[in-house]
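This is query11.cif. It holds mmCIF, C-alpha atoms.
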```cif
data_my_file
#
loop_
_atom_site.group_PDB
_atom_site.id
_atom_site.type_symbol
_atom_site.label_atom_id
_atom_site.label_comp_id
_atom_site.auth_asym_id
_atom_site.auth_seq_id
_atom_site.Cartn_x
_atom_site.Cartn_y
_atom_site.Cartn_z
ATOM 1 C CA MET A 444 189.877 122.457 90.914
ATOM 2 C CA LYS A 445 187.551 123.260 88.015
ATOM 3 C CA THR A 446 184.497 122.912 90.303
ATOM 4 C CA LYS A 447 185.972 125.370 92.791
ATOM 5 C CA LYS A 448 186.627 127.883 89.991
ATOM 6 C CA ASN A 449 183.079 127.406 88.723
ATOM 7 C CA ARG A 450 181.663 128.094 92.210
ATOM 8 C CA ILE A 451 183.754 131.239 92.548
ATOM 9 C CA ALA A 452 182.700 132.439 89.093
ATOM 10 C CA LEU A 453 179.047 131.704 89.923
ATOM 11 C CA PHE A 454 179.364 133.593 93.203
ATOM 12 C CA PHE A 455 180.776 136.687 91.486
ATOM 13 C CA PHE A 456 178.203 136.449 88.693
ATOM 14 C CA LEU A 457 175.320 136.276 91.162
ATOM 15 C CA SER A 458 176.844 139.029 93.276
ATOM 16 C CA LEU A 459 176.862 141.386 90.302
ATOM 17 C CA PHE A 460 173.183 140.866 89.562
ATOM 18 C CA LEU A 461 171.660 140.182 92.969
ATOM 19 C CA ALA A 462 173.605 142.563 95.186
ATOM 20 C CA PRO A 463 171.876 145.709 93.880
ATOM 21 C CA ALA A 464 168.462 144.143 94.591
ATOM 22 C CA LEU A 465 169.245 143.297 98.215
ATOM 23 C CA PRO A 466 169.629 146.846 99.516
ATOM 24 C CA ALA A 467 166.269 147.884 97.994
ATOM 25 C CA TRP A 468 164.560 144.890 99.596
ATOM 26 C CA ALA A 469 166.238 145.567 102.931
ATOM 27 C CA GLU A 470 165.429 149.266 102.686
ATOM 28 C CA ASP A 471 161.733 148.524 102.064
ATOM 29 C CA THR A 472 161.659 146.211 105.070
ATOM 30 C CA VAL A 473 163.327 148.772 107.338
ATOM 31 C CA LEU A 474 161.011 151.541 106.130
ATOM 32 C CA SER A 475 157.914 149.410 106.764
ATOM 33 C CA LEU A 476 159.172 148.661 110.286
ATOM 34 C CA LYS A 477 159.745 152.377 110.903
ATOM 35 C CA GLU A 478 156.207 153.097 109.696
ATOM 36 C CA ARG A 479 154.843 150.509 112.138
ATOM 37 C CA ILE A 480 156.855 152.058 114.974
ATOM 38 C CA ILE A 481 155.436 155.490 114.110
ATOM 39 C CA ASP A 482 151.900 154.058 114.119
ATOM 40 C CA ILE A 483 152.473 152.622 117.608
ATOM 41 C CA GLN A 484 154.045 155.844 118.918
ATOM 42 C CA ASN A 485 151.257 157.994 117.478
ATOM 43 C CA LYS A 486 148.693 155.927 119.415
ATOM 44 C CA GLY A 487 150.657 155.958 122.696
ATOM 45 C CA ASP A 488 150.581 158.473 125.521
ATOM 46 C CA LEU A 489 153.136 161.276 125.463
ATOM 47 C CA GLY A 490 155.700 160.848 128.222
ATOM 48 C CA PHE A 491 159.259 160.771 129.485
ATOM 49 C CA ARG A 492 161.598 157.783 129.404
ATOM 50 C CA ASN A 493 164.914 157.540 131.285
ATOM 51 C CA PHE A 494 164.575 160.902 133.042
ATOM 52 C CA THR A 495 167.963 161.032 134.780
ATOM 53 C CA LEU A 496 170.004 163.520 136.831
ATOM 54 C CA CYS A 497 173.449 163.625 135.195
ATOM 55 C CA LYS A 498 176.948 164.977 135.622
ATOM 56 C CA ASN A 499 177.382 164.998 131.849
ATOM 57 C CA ILE A 500 175.441 164.049 128.713
ATOM 58 C CA ILE A 501 177.254 162.798 125.644
ATOM 59 C CA THR A 502 174.530 161.773 123.172
ATOM 60 C CA TYR A 503 171.452 159.569 122.857
ATOM 61 C CA GLY A 504 171.585 156.929 125.595
ATOM 62 C CA GLN A 505 175.080 157.982 126.713
ATOM 63 C CA TYR A 506 175.347 160.016 129.874
ATOM 64 C CA ILE A 507 177.058 160.015 133.242
ATOM 65 C CA PRO A 508 174.401 159.872 135.974
ATOM 66 C CA TYR A 509 174.796 160.969 139.563
ATOM 67 C CA PRO A 510 174.857 157.978 141.932
ATOM 68 C CA ASP A 511 171.968 159.530 143.913
ATOM 69 C CA ASN A 512 169.976 162.756 144.011
ATOM 70 C CA LYS A 513 172.577 164.802 145.930
ATOM 71 C CA VAL A 514 174.451 167.603 144.125
ATOM 72 C CA LYS A 515 176.888 170.237 145.363
ATOM 73 C CA THR A 516 176.133 173.933 145.652
ATOM 74 C CA GLY A 517 177.614 175.846 142.733
ATOM 75 C CA SER A 518 177.599 172.932 140.327
ATOM 76 C CA THR A 519 175.834 172.683 136.995
ATOM 77 C CA ILE A 520 173.542 169.700 136.738
ATOM 78 C CA PHE A 521 171.965 168.103 133.695
ATOM 79 C CA PHE A 522 168.741 166.209 133.141
ATOM 80 C CA TYR A 523 168.624 163.631 130.364
ATOM 81 C CA TYR A 524 165.431 162.175 128.962
ATOM 82 C CA GLU A 525 163.907 160.568 125.921
ATOM 83 C CA PRO A 526 160.526 161.964 124.863
ATOM 84 C CA GLU A 527 158.170 159.032 124.501
ATOM 85 C CA ASN A 528 155.444 158.730 121.864
ATOM 86 C CA VAL A 529 155.889 162.152 120.285
ATOM 87 C CA TYR A 530 153.463 162.383 117.381
ATOM 88 C CA THR A 531 154.916 162.108 113.855
ATOM 89 C CA ASP A 532 152.873 163.700 111.071
ATOM 90 C CA ARG A 533 153.337 162.168 107.607
ATOM 91 C CA ARG A 534 152.451 164.232 104.556
ATOM 92 C CA ASN A 535 153.678 164.093 100.987
ATOM 93 C CA GLY A 536 156.713 162.024 101.940
ATOM 94 C CA ILE A 537 157.728 164.393 104.757
ATOM 95 C CA TYR A 538 157.921 163.365 108.421
ATOM 96 C CA HIS A 539 157.209 166.159 110.903
ATOM 97 C CA VAL A 540 157.884 166.060 114.661
ATOM 98 C CA TRP A 541 157.360 169.126 116.851
ATOM 99 C CA TYR A 542 157.611 169.334 120.612
ATOM 100 C CA THR A 543 158.629 171.949 123.136
ATOM 101 C CA GLN A 544 159.569 171.698 126.786
ATOM 102 C CA SER A 545 159.123 174.037 129.748
ATOM 103 C CA ILE A 546 160.624 173.828 133.236
ATOM 104 C CA ILE A 547 159.691 174.859 136.755
ATOM 105 C CA VAL A 548 162.099 174.718 139.712
ATOM 106 C CA ARG A 549 160.589 174.791 143.204
ATOM 107 C CA ASP A 550 162.034 174.809 146.710
ATOM 108 C CA ALA A 551 160.961 172.409 149.490
ATOM 109 C CA ASP A 552 157.969 174.638 150.326
ATOM 110 C CA GLY A 553 156.725 174.588 146.733
ATOM 111 C CA LYS A 554 157.741 178.184 146.001
ATOM 112 C CA VAL A 555 158.534 178.665 142.314
ATOM 113 C CA LEU A 556 162.162 179.779 141.946
ATOM 114 C CA LEU A 557 162.421 179.495 138.179
ATOM 115 C CA LYS A 558 159.834 179.100 135.436
ATOM 116 C CA SER A 559 160.868 178.968 131.787
ATOM 117 C CA GLU A 560 158.302 178.403 129.064
ATOM 118 C CA GLU A 561 159.322 176.426 126.000
ATOM 119 C CA ILE A 562 163.060 176.565 126.660
ATOM 120 C CA LEU A 563 163.411 173.712 124.198
ATOM 121 C CA ASN A 564 161.762 173.786 120.773
ATOM 122 C CA PHE A 565 162.315 170.791 118.490
ATOM 123 C CA ASN A 566 160.523 171.313 115.172
ATOM 124 C CA HIS A 567 161.927 168.835 112.667
ATOM 125 C CA GLN A 568 160.812 168.021 109.123
ATOM 126 C CA ALA A 569 162.663 165.560 106.892
ATOM 127 C CA ILE A 570 162.240 162.853 104.278
ATOM 128 C CA ALA A 571 163.238 160.205 106.831
ATOM 129 C CA PRO A 572 161.546 159.654 110.211
ATOM 130 C CA VAL A 573 163.292 160.413 113.491
ATOM 131 C CA LEU A 574 162.676 157.635 115.997
ATOM 132 C CA ASP A 575 165.370 158.066 118.644
ATOM 133 C CA LEU A 576 164.730 161.396 120.320
ATOM 134 C CA TYR A 577 166.506 162.674 123.390
ATOM 135 C CA ALA A 578 166.751 165.991 125.176
ATOM 136 C CA LYS A 579 168.842 167.552 127.880
ATOM 137 C CA ASN A 580 168.384 170.403 130.292
ATOM 138 C CA SER A 581 171.069 172.130 132.302
ATOM 139 C CA LEU A 582 170.653 173.978 135.566
ATOM 140 C CA ASN A 583 173.399 176.091 137.125
ATOM 141 C CA LEU A 584 172.956 175.971 140.882
ATOM 142 C CA GLY A 585 175.176 179.021 141.457
ATOM 143 C CA LYS A 586 174.679 180.220 145.013
ATOM 144 C CA VAL A 587 171.625 178.088 145.721
ATOM 145 C CA SER A 588 171.335 177.310 149.432
ATOM 146 C CA PRO A 589 171.542 173.698 150.564
ATOM 147 C CA GLY A 590 168.143 172.061 150.693
ATOM 148 C CA THR A 591 165.598 170.036 148.762
ATOM 149 C CA TYR A 592 164.384 171.189 145.348
ATOM 150 C CA GLN A 593 162.100 169.942 142.611
ATOM 151 C CA PHE A 594 162.761 170.125 138.885
ATOM 152 C CA GLU A 595 159.570 169.786 136.866
ATOM 153 C CA ALA A 596 159.725 169.229 133.119
ATOM 154 C CA ILE A 597 156.646 169.771 130.959
ATOM 155 C CA LEU A 598 156.638 168.285 127.461
ATOM 156 C CA HIS A 599 154.280 169.812 124.857
ATOM 157 C CA ASP A 600 153.500 167.831 121.702
ATOM 158 C CA LYS A 601 152.553 170.632 119.309
ATOM 159 C CA LEU A 602 151.111 168.420 116.561
ATOM 160 C CA ARG A 603 148.883 166.340 118.838
ATOM 161 C CA ASN A 604 148.168 169.111 121.358
ATOM 162 C CA ALA A 605 149.194 166.849 124.246
ATOM 163 C CA GLU A 606 151.174 167.488 127.421
ATOM 164 C CA ALA A 607 153.160 165.337 129.849
ATOM 165 C CA LYS A 608 154.896 166.239 133.115
ATOM 166 C CA THR A 609 157.534 164.690 135.300
ATOM 167 C CA THR A 610 159.147 165.892 138.514
ATOM 168 C CA TYR A 611 162.557 165.057 139.906
ATOM 169 C CA THR A 612 163.421 165.857 143.533
ATOM 170 C CA PHE A 613 167.065 166.552 144.295
ATOM 171 C CA GLU A 614 169.078 167.764 147.259
ATOM 172 C CA VAL A 615 171.698 170.490 147.173
ATOM 173 C CA VAL A 616 174.491 169.851 149.669
ATOM 174 C CA PRO A 617 177.451 172.090 150.689
#
```
Please render this file's structure as structure tokens.
Amino acid sequence: MKTKKNRIALFFFLSLFLAPALPAWAEDTVLSLKERIIDIQNKGDLGFRNFTLCKNIITYGQYIPYPDNKVKTGSTIFFYYEPENVYTDRRNGIYHVWYTQSIIVRDADGKVLLKSEEILNFNHQAIAPVLDLYAKNSLNLGKVSPGTYQFEAILHDKLRNAEAKTTYTFEVVP
């Protein structure tokens, strides 16, 4: 019984002195991993990941996709994506990420129906890096005639002066 009490007392004693050191160690490890991720992203090509036509978008990685590329006239559709390899500037302990996004909607003949420059502007500065970025676009189809359309998204990395494009073809049905 005395040995069990001694072990419990030793556990609590060590917990009091070692527990505060563990979070600092863990925090340093996590921060160094984040720095390595930023280094990799800063060297990679700007792009789009998981560009998806959705019925609804909840948050990062959580959305309700359409089963195919067919949408009904009059509906509002959403496009979910995760910007890939957006440049992170690091200065004086501040992490800076800045990207914008433009869109172009075309009909089946390639005629531009809608062009919006920099409809999204994400300019974020903080003392902690942002690694999990996502964006969403909405498009109200209103009285759009049935047919095939293209949604083009253009991502502009303002700090690296880079651009990436992706196009999604969808069909409006009655």
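Here atom CA of Gln544 of chain A stands at a distance of 28.9 Å from atom CA of Leu474 of chain A.
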Item to check | Nearby residues (all atoms listed in the file) at most 6 Å from segment 566-582 of chain A, same-chain spacing under 3 positions excluded, as number ranges by chain | outcome: A: 503, 519-525, 537-541
Next on the checklist: Give me the residues near Lys486 of chain A as a PyMOL selection string, where near means some atom within 10 Å (using only C-alpha atoms) and where sequence neighbours in that chain fewer than 6 positions away do not count.
Outcome noted: chain A and resi 528-530
Residues of segment 515-569 of chain A at most 6 Å from segment 595-614 of chain A: nearest atom pair and distance in Å, all atoms listed in the file, as a tab-separated table:
```
residue	atom	partner	partner_atom	distance
A:Trp541	CA	A:Lys601	CA	5.6
A:Tyr542	CA	A:Asp600	CA	4.5
A:Thr543	CA	A:His599	CA	5.1
A:Gln544	CA	A:Leu598	CA	4.5
A:Ser545	CA	A:Ile597	CA	5.1
A:Ile546	CA	A:Ala596	CA	4.7
A:Ile547	CA	A:Glu595	CA	5.1
```
Checklist entry - So what does the PyMOL selection byres ((chain A and resi 585) around 7) actually pick up in this one, as a ChimeraX atom specification? => result /A:516-518,583-584,586-587
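Distance-wise, atom CA of Thr495 of chain A and atom CA of Tyr509 of chain A end up 8.3 Å apart.
When atom CA of Val473 of chain A is paired with atom CA of Arg534 of chain A, their separation reads 19.1 Å.
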Item to check | Test item: the PyMOL selection byres ((chain A and resi 510) around 12) resolved as a VMD selection string | outcome: chain A and resid 495 to 498 507 to 509 511 to 514 613
